[in-house]
Each structure stands twice: as C-alpha cells, then as structure tokens.
Amino acid sequence: MHTILQVLSFYGTTMMIPVVFAGVAWGIIGGALPGISPSITMALLIPFTYTMSPTLAIVLLASTYVGAEYGGSVPAILINTPGTNSAAATTLDGYQMKLQGRAAEAIGISLYSGVIGSFVGIAIVVLLTQPLARMALLFTPPAYFSLGILGLSVIASLSGGSVLKALIAGVLGLMIATIGTDPISGVSRFTFGMSDLLSGIKPILIMVGLFAVSELFLQSSGAAWVKAEEGASRVRFPNARMRRRLIRPQFIGSVIGAFEGIMPGAGGTIAAFLAYNEAHRWSRHKDEFGKGSPEGVAAPETANGTVACTTLIPMLSFGIPGSNSSAVLLGGMLIHGLIPGPQLLQESPRVILGLYSGMAIAPVVLVILGVVMLPLCIWMVNRPQHYLMAFIYALIVSGVYSVDQSLFDVGIVLAAGLVGFAMRLFAMPFLPMVLGLVLGYMVESSFRRSLVLSGDDYHIFLQDPISLAFLGLAAIFVGGALLAPLLKLLWPKTTQTRSVSDGAAKNGEL
Amino acid sequence: MLRKCLVSVALALALCGPPAVAQEAYPVKVVKLLTHSSPGSGSDIFLRNLSNYLGPIMHVSFVVENITGGGGAKAVAALAKSPPDGSVFYATTPTYVFTSLLSHPEHTYKDVEPLVNVFTDQEVIFTRADSPFKTLADVMKTAKESRGKWGASTPGSLERQALERLKKAAGVNAAVVTHDGGGDLLIDVLNGTVDIGVGEYGELKPQLDGGKVRVLAVFSANRLDAAPDIPTVKESGYDVVVRKFRGLAGPKGLPDNVIKAWEDGIQKVLQDPGYKKEYTSDVLTPDYIGHDDYVAFVNQFGSDTEAFFKETGVIK
Amino acid sequence: MARDFFGGLVILAFAGLYYVGTFDIQRSTLADNVGAQGVPSAYAAVLAILALLLVLRSGYGWLTAGGATAPASGKTHKPQVPAGRAIGRMLGMLAIGVIYLLLIEWAGYALTIALMIGAVVLYQGGRATPATLITALCGAAFFWLLFVRVLQIPLPAGLWGGAI
C-alpha cells in the first residue's frame with residue numbers, strides 16, 4: 001500500500017509525466033531516423049539531464065529508449081528501412097503489409113505488440129530482477145558461441161527459394177563481420193590501413209544500404225511506389241479476433257525477448273529474428289509469412305519491447321550494460337552519482353521505484369503518441385514519388401553520417417546499396433547476410449575464447465549444459481529444415497507448409 | 001545544446017568564484033576539451049568533473065566535446081589540426097597511444113604534445129569472493145600445476161599487457177582470455193570461468209562494496225591509500241608495474257604561459273576540497289606530472305608499448 | 001540460369017580474393033591456436049565450395065536447357081527483369097550519392113543536400129519548376145535544422161565555415 005502511494009506521489013507531484021512524454025516523443029523521432037540508434041538518441045539527451053533530479057533523469061532516458069525501440073518500426077513498415085538494428089525483422093512482413101495497402105493496420109499491430117512487450121518486460125524487471133540476475137551469470141563463452149550458432153541456424157528455415165544462395169549470403173555476412181580488430185590477438189584484419197575500419201563496420205550501415213538504398217536504386221527504374229491506403233491515416237488497432245490470433249506470436253516474442261535481454265551482449269536484433277522464426281514455426285497461418293503476416297510483425301515487435309526492459313536487469317544488478325543503450329543509461333546514472341551494482345537496490349530504492357513508475361507509464365504514453373504521430377508519417381509517405389525518393393535519399397545520407405560523424409560511413413552505405421541491388425538481381429535473400437553480420441563477431445570471438453579456456457579441447461561446447469542445449473536446438477532446426485523437403489517428397493499431400501521466405505525472397509526479387 | 005549547457009554551468013561557477021586576483025590572464029576565454037569517449041563514460045566524466053572545479057580557478061569556460069570513433073584516431077586528428085593557442089586540449093589515456101601504434105593513422109600520439117597528467121587509475125588483480133584463491137601466490141601455484149585461466153578486457157589493452165608481462169615474469173603459461181570490455185570480464189570472473197581478472201579499482205568499487213569480488217594485488221608502484229592491506233604485484237615478487245594515466249594533451253608548440261597556467265591550475269584543483277572529495281570517492285589517485293616530465297613519460301610509454309607489440313608480433 | 005552461373009563465378013573469385021587477403025593478417029604471439037586468420041580462411045573455403053556448387057548446378061541446368069533443375073523449394077518461375085534498364089537507372093542514383101559525397105566537404109551540408117534533393121526529383125521525372133526549387137530549399141532547411149541544430153551533428157560546413 002505504501003509503495004502504491006509512493007508511486008502515485010511520483011505521478012502527482014513530480015514532473016514525471018511530462019518527462020515521460022518528452023522522452024517517448026524524442027525516442028520515436030530518433031528511432032525513426034535511420035542511423036540514429038536508440039543509444040545516440042539517448043546520448044543526445046544526457047546534457048539536459050545534468051540539472052534534473054536523478055530519478056527524472058533516469059526516467060527520461062529509459063522512456064526515450066522505449067520510444068526509440070518502437071520508432072524504428074515505423075520506417076521499417078512504411079519505407080522498408082529499419083530505423084534501428086532490431087527493426088530489421090519487422091521489415092519482412094511489415095513492408096509487405098504496406099505494399100498491400102495495410103500500413104495503418106501494420107503500424108497498429110506493431111504499436112499494440114510493442115506495448116504488450118513493454119508491459120511484460122516491465123513486469124519481469126519489477127518482479128524478477130533479483131532471481132534473474134543470477135541467470136546472467138550462467139552464460140559462459142561456449143554458451144554465447146552456441147547461441148550464435150542457434151541464431152545462424154535460422155538461415156536454414158528463412159532461406160526461401162534457394163538454400164544455397166541463402167548460405168552464400170550468410171557467409172558473406174560473416175565475412176563482413178571479420179573486418180576490424182581481431183577479438184583475441186588485437187591485430188587488424190581487412191582494414192587496409194584505414195582507421196575508420198578499425199572497429200569494424202556497424203551492422204546498421206549495411207542494413208540501411210541493403211534494404212533502403214537498394215530499394216531506392218530499384219524504384220528509380222520506374223516501378224510505381226505503392227501508397228499507403230487513402231483515408232486510413234489513423235492507426236488501426238487489431239480487433240478481438242486478430243488480438244486472439246496475435247497471442248501466440250506475442251507470447252513467443254516476449255519469452256525470447258526476456259531471455260535475450262538478460263544475456264548481456266546478446267541484443268535485440270537476435271531476439272527479433274529468433275522471435276520471427278519461432279512465430280512462423282508455430283503459426284497456424286504459415287503461408288502468410290513473408291507476404292504480410294500480422295503475426296510476422298507482432299512477434300519481433302513484442303520481442304523488441306520486452307528486450308528494451310529486461311536489458312536493464314544485468315545493468316541494475318551488476319552494473320553491466322547489456323546493450324549500447326543500457327550503457328548510455330549507465331552513464332546517465334553515473335553522472336548523478338548512482339552506481340548500479342549489487343547495492344543500488346538497497347542504497348537508492350527511491351530512484352529505482354521512480355524508474356519503475358516512469359517505465360510503467362511509458363507504454364501508455366507510447367500508444368498516445370504513436371496514434372498522434374502516425375497521420376503525419378502516412379501523409380509524408382504519400383507525397384509524389386519523386387519527392388518522396390529525394391527526401392528518403394537525403395534522410396539516409398544525413399542519418400548515417402550521424403552514427404560516427406563520418407563520410408566514410410556514407411560511402412559504406414552506398415556500397416551496401418550496390419551490393420543489395422546486385423543481390424536482388426541475383427534473387428539472393430538479405431536476411432542471412434544480416435544475421436551473419438550481426439552474429440559473426442559473437443560467434444567467432446566466443447568460439448576462440450572457449451578454445452583458449454579449454455586448451456583447444458572442442459568438448460567444451462558439449463560440456464557446458466547451456467551450450468549443449470542451444471546446439472541441440474540448432475541441430476533440430478537445421479535438421480527439420482533440411483528434412484522438410486524430403487518428407488514432402490515422400491508424402492506429397494500431407495504437408496502444405498511453404499518456407500517462410502517464398503515471400504521473404506520476394507523482397508529480393510525484381 | 002551540449003555546448004550551451006556546459007558554458008552556462010562553467011560561467012555560473014566562474015561568477016561564484018573569488019574575484020580575479022592580479023595574475024596574468026589566460027590567453028583565451030573559452031577552452032575546448034576533446035575526448036574520444038562518449039557522454040557518460042570514463043574520460044567524459046573525468047573532463048566534466050574537472051572543468052566544473054577548474055573553471056573558477058583558471059577563470060575560463062570549459063566546453064567538453066565528444067569526438068568518438070576510430071579508437072581515438074579522430075579526436076587526435078582534430079587536436080593535431082587545432083591552433084596551439086591554449087584553446088583546445090584532449091583527454092589522454094593509454095588508448096590514444098595504442099590506436100596510434102596499432103592502426104597507423106595519419107595523426108599519431110607523436111603529432112600532439114602532452115600537457116600535464118592529472119590522475120592514475122589503479123589496475124588491480126581481482127577474483128570472485130568465494131574463489132579458492134586468497135593470494136597472488138595461490139593463483140601462481142595453480143598456473144604452475146595445472147593451467148591457469150586469466151581474464152583481460154580488450155585484446156590490445158593495458159590490462160592484457162599487464163597479464164602477458166606477469167606471465168613472463170612468473171614463468172607460467174596461463175591462458176589469457178580476452179573480452180569485449182570490463183563488463184564481460186566481470187561476468188566471467190563472477191561465474192568462475194576465469195580464475196582472475198584485471199580491472200580498475202574504481203570500476204570494481206560497487207562489486208567490492210557488495211562483497212562480490214576480492215582484490216589480490218595492485219599493479220601500482222606503491223600500495224593504495226584506499227586499501228593499504230593489499231600487496232603490490234611487485235612486492236609479491238613479480239617486477240610488473242602498470243600506470244594507467246589520465247591527463248591532457250594539446251597541439252604541438254604550446255606557448256609557455258599556457259603550459260604554466262595549466263601546471264598551476266591542475267596543482268591547485270587537486271587541492272580543492274570539493275574536487276578532492278569527488279575524486280577520492282571515484283578512487284582516482286592524483287598523479288600530477290608537469291609538462292616536461294609528462295612529454296618524456298608519454299614518449300617512454302609509447303616506445304615501451306611499441307616494443308611490446310613488436311615483440312609479440314601484433315605489429316611489424 | 002546464366003545469371004546464377006556468372007554470379008557464382010563472381011562469388012568464387014571473391015572467395016579467392018578474400019582468402020589471399022588473409023595472408024596479410026599479422027601473425028601474433030598473442031593469438032590463440034586458431035589464430036586471427038583461422039576463421040576467415042575457413043569462411044573463404046566454405047564460400048568457395050558453395051559458389052562452386054552454384055556454378056555447377058546452374059551450369060548443368062544451362063547445358064540441359066533448363067531441364068529438371070528446380071531448386072529445393074520447387075519454385076521455378078524466374079523473375080522477369082529488364083536488367084539492363086534497371087542497372088542504368090541505378091547507376092544514375094548511385095552517381096547522385098557519390099557526387100554528394102565529393103561535394104559536401106567544400107560546398108557544405110546545407111547547399112549539398114539541397115542540390116541532392118533537387119537532383120533526385122529531376123532524375124525521377126519531376127519538372128524543373130519553381131515548386132521543385134522551393135521543395136529542395138525547404139527540404140534542405142528542414143534537414144539542416146533537424147540534424148545540425150536540433151541533433152547537434154557536426155555535418156561539414158564547407159567553405160562557408162561558421163557563416164551558416
């Protein structure tokens with residue numbers, strides 16, 4: 001009872017609610033701009049927090065994060081450009097829905113699922129931080145390696161048209177991930193003496209290039225841009241029937257999201273892709289995936305919403321930031337003399353309670369702002385095509401510059417656009433490349449770290465129970481994906497399942 | 001906005017300070033302090049705290065600017081291209097020397113001029129609180145008998161070098177496992193994946209206060225004031241001393257009056273009771289080195305590191 | 001099939017180049033036994049095998065005139081692409097991006113982004129009307145305000161220096 005009163009006093013007497021509004025609105029804008037990652041969006045606010053009370057400062061940053069994770073899905077759906085890394089999975093079905101004139105519905109599902117994910121995540125953080133914190137300690141280098149393999153195994157079922165081409169794309173992605181400083185010895189690899197390449201190529205640059213720039217290149221040869229439906233510039237939230245249908249992908253998304261958030265360093269992108277893949281596997285409408293399935297939007301967006309909250313668990317309990325965004329939040333806390341770690345919960349309970357109260361209303365604010373801001377977004381994407389393309393191109397070259405204030409990065413994005421165009425001509429899917437790129441560093445570095453630990457004994461991957469479980473799952477996934485066509489040959493009538501990216505490959509077709 | 005905010009803070013502090021005494025005025029009114037770290041991390045916090053207290057002493061307004069990317073190469077390049085009139089400085093850490101050596105950027109640490117050193121971060125060897133290792137000797141015993149597992153943060157870091165040197169000094173062949181940063185390393189130490197880790201005492205403070213980790217030895221030349229019971233690595237019989245410096249550098253050719261003003265200013269600010277309280281709680285050890293000695297110190301550090309990288313084959 | 005065949009050859013060549021690139025990686029005593037070049041060499045080998053498979057499969061299909069070479073999923077229809085025209089248009093868009101990159105350092109962000117918006121509008125069939133000019137200028141002003149003023153991103157000011 002006392003706690004509830006305290007929470008209400010936060011809402012009533014402090015600037016909490018206006019601060020949450022400001023944070024969420026700023027987050028949506030930052031997240032929607034390609035290249036401006038959630039962490040940059042938050043970092044830009046840090047100077048403003050100096051003069052605030054610690055609680056408000058933390059709430060501002062946390063609600064910015066919640067807004068940014070949703071904001072990334074808006075351009076993913078409307079212009080096939082993931083605004084954030086983790087929104088890449090949303091482009092798959094979200095953009096297909098937009099092409100079918102169901103943009104408002106897709107945005108509605110994304111918003112609804114993001115809010116559900118956030119609420120689940122907040123509940124987990126508030127109720128389970130202490131017990132789950134111990135879980136973060138169970139993950140060792142072999143477990144991270146096997147998690148990476150599990151993520152890569154998704155390629156087998158996302159491949160669509162040609163498994164061979166998907167594998168090629170995946171290996172190319174892994175190769176891009178080897179650029180930069182070697183994770184064990186510190187020598188530089190494939191940097192050609194350029195210090196811009198020393199810390200590797202950021203995945204967001206490749207994603208923006210592959211998805212958005214190549215789309216612009218393709219559209220320039222005349223295919224008419226599909227407009228969002230006229231008159232439907234208001235968010236269409238799912239009806240009761242759809243809500244029932246979305247329960248399953250949302251459940252999958254929040255479980256995977258909660259899990260990935262707790263593992264420091266695993267990150268939201270893997271969560272979104274795994275959630276997408278599992279939602280497809282367990283769906284009753286498998287054939288819709290890749291062709292504008294509402295479930296294909298709901299699962300990754302729920303996962304993103306949940307990750308945004310549960311990534312706070314290792315940060316609050318050990319002071320270990322699980323993602324770039326929580327690293328900025330950590331920085332914000334340090335500035336106010338709050339040191340996350342084992343004693344924070346005992347020493348500054350009021351700040352933590354304030355953080356929880358702020359996060360609890362952030363999703364509500366997200367709905368309000370999402371609804372208010374959408375008509376403007378729809379209006380923008382319905383401008384005449386040549387204006388729209390000019391503005392998207394300008395937005396991309398300006399946005400990616402902001403990642404590291406580097407024109408070199410702009411060049412990388414253009415090059416990635418060229419590669420993406422070639423891949424479309426070649427009917428090669430993008431997603432395996434994105435997965436290889438995102439997971440490559442983790443897979444290689446934990447593989448080699450494990451072998452250093454074990455003295456080159458490969459049994460280490462089977463001796464670690466978590467690693468063994470992940471590897472087993474990966475084997476089942478790959479085996480299943482490879483066996484499915486075989487089974488189909490044997491019993492042609494029993495299975496009507498088509499692989500996901502019949503539609504996903506459409507993405508890569510001319 | 002960052003700029004404006006800080007200017008106003010520094011100005012406010014300058015106005016509250018004691019009236020300017022008759023002293024040679026600093027040649028510029030606004031001084032830009034560059035860092036390669038992002039807002040809220042190590043060097044950024046160092047600069048912001050420092051400028052809050054140093055502003056009133058030196059009667060200038062400080063502006064902190066974050067130039068991230070390229071492992072510090074960009075910030076160093078920006079500094080090297082700035083005029084040496086006392087208006088731009090850069091927060092030095094070993095990182096800028098490492099990047100210079102590892103990636104041969106256009107502008108290296110040799111193209112800028114060390115100004116003064118302010119602090120040293122204390123590097124310590126730590127283990128989890130319930131581990132069987134009570135002393136550094138226990139760790140070495142395990143490393144000799146079986147095969148020790150030691151954790152360092154990033155591959156080319158000062159912490160990695162400290163462990164490699166320790167390995168050599170002790171004549172053991174422990175596995176040195178690198179990580180993506182201090183946070184990853186901490187997890188592997190806490191869950192017992194590695195026997196020991198190396199990290200900054202200040203960063204470990206919350207874990208120490210929470211009773212999660214135990215410090216076995218410090219890499220500094222002398223014992224820490226904050227923890228006088230912990231032996232140094234050197235007195236344990238291994239001749240390895242590590243000094244993670246935190247100071248400032250400027251463009252080449254700084255005028256003498258600017259150098260003098262900074263030398264006086266830094267010595268004064270380190271005595272300031274408010275600042276003292278703040279940096280003691282962050283477990284930063286004041287380690288003032290004047291301009292002439294600092295230039296020699298950084299050059300020595302650079303050539304030692306280069307020798308280490310060449311010896312181990314990291315660079316040609 | 002021809003497209004897969006030649007594409008496969010290009011990827012095969014890339015795998016070779018990448019493999020040669022691993023020779024330049026420094027051998028360090030700080031490295032593990034796998035080594036800094038170990039994993040990349042493995043990637044190169046895998047990519048070469050995959051590319052070779054693709055070349056062989058499409059080459060075989062090509063020879064047998066597109067016979068029973070359906071890929072695993074059974075999807076046989078090939079997208080109909082006027083590839084030549086698409087590539088030509090693409091090169092134009094790419095050129096606009098490259099010119100932007102070359103120009104921005106000395107013409108400054110505000111002017112270059114205005115030129116870019118104008119160029120894309122014209123390239124995409126918009127007419128050179130006052131409306132287009134106004135759109136380009138307003139768009140540039142909007143982006144400049146957003147990125148330079150609000151987000152404080154230090155985009156190149158060019159020869160104008162601090163004047164704008």
# chains A, B, ... in the order shown; residues from 1 in each chain; ligands from 1
>>> interface_residues(of="chain B", to="chain A", cutoff="9 Å", atoms="only C-alpha atoms", output="PyMOL selection string")
chain B and resi 1-3+5-6+38-42+45+67-71+73-74+99+102-106+147+149-150+154-157+175-180+182-184+186-188+190-191+193-194+206-207+209-212+313-315
>>> closest_residue(among="C:Gly59, C:Pro130, C:Gly118, C:Gly16", to="chain A", atoms="only C-alpha atoms")
C:Gly118
>>> select_by_dssp(residues="region 54-201 of chain A", states="strand (DSSP E)", output="PyMOL selection string")
chain A and resi 180-181+188-189
>>> write_last_selection(atoms="C-alpha atoms", output="CSV table (one decimal), in the first residue's frame")
chain,number,residue,atom,x,y,z
A,180,GLY,CA,38.3,-4.7,-37.8
A,181,THR,CA,40.4,-5.6,-34.7
A,188,SER,CA,43.8,-5.6,-37.5
A,189,ARG,CA,42.1,-7.6,-40.3
>>> closest_residue(among="B:Lys81, B:Asp195, B:Asp130, B:Glu311", to="chain C", atoms="only C-alpha atoms")
B:Glu311
>>> select_by_dssp(residues="region 75-284 of chain B", states="helix (DSSP H, G or I)", output="PyMOL selection string")
chain B and resi 75-80+94-103+109-111+136-145+158-170+182-190+201-209+256-271+273-281
>>> closest_atom_pairs(of="chain C", to="chain B", cutoff="12 Å", atoms="only C-alpha atoms", output="tab-separated table")
residue	atom	partner	partner_atom	distance
C:Asp24	CA	B:Lys316	CA	11.4
C:Ile25	CA	B:Val314	CA	9.7
C:Gln26	CA	B:Val314	CA	6.5
C:Arg27	CA	B:Gly313	CA	6.2
C:Ser28	CA	B:Gly313	CA	4.1
C:Thr29	CA	B:Thr312	CA	5.0
C:Leu30	CA	B:Thr312	CA	6.1
C:Ala31	CA	B:Val314	CA	8.7
C:Asp32	CA	B:Ala175	CA	9.2
C:Asn33	CA	B:Ala175	CA	11.3
C:Gly35	CA	B:Val314	CA	11.9
C:Ala36	CA	B:Val314	CA	10.6
C:Val148	CA	B:Met1	CA	10.8
C:Arg149	CA	B:Met1	CA	8.6
C:Val150	CA	B:Met1	CA	8.0
C:Leu151	CA	B:Met1	CA	8.6
C:Gln152	CA	B:Met1	CA	7.2
C:Ile153	CA	B:Ile67	CA	10.8
C:Pro154	CA	B:Ile67	CA	10.0
>>> residues_around(residues="Ser41 (chain C)", least_positions_apart="4", cutoff="8 Å", atoms="only C-alpha atoms", output="PyMOL selection string")
chain C and resi 19+22+37+45
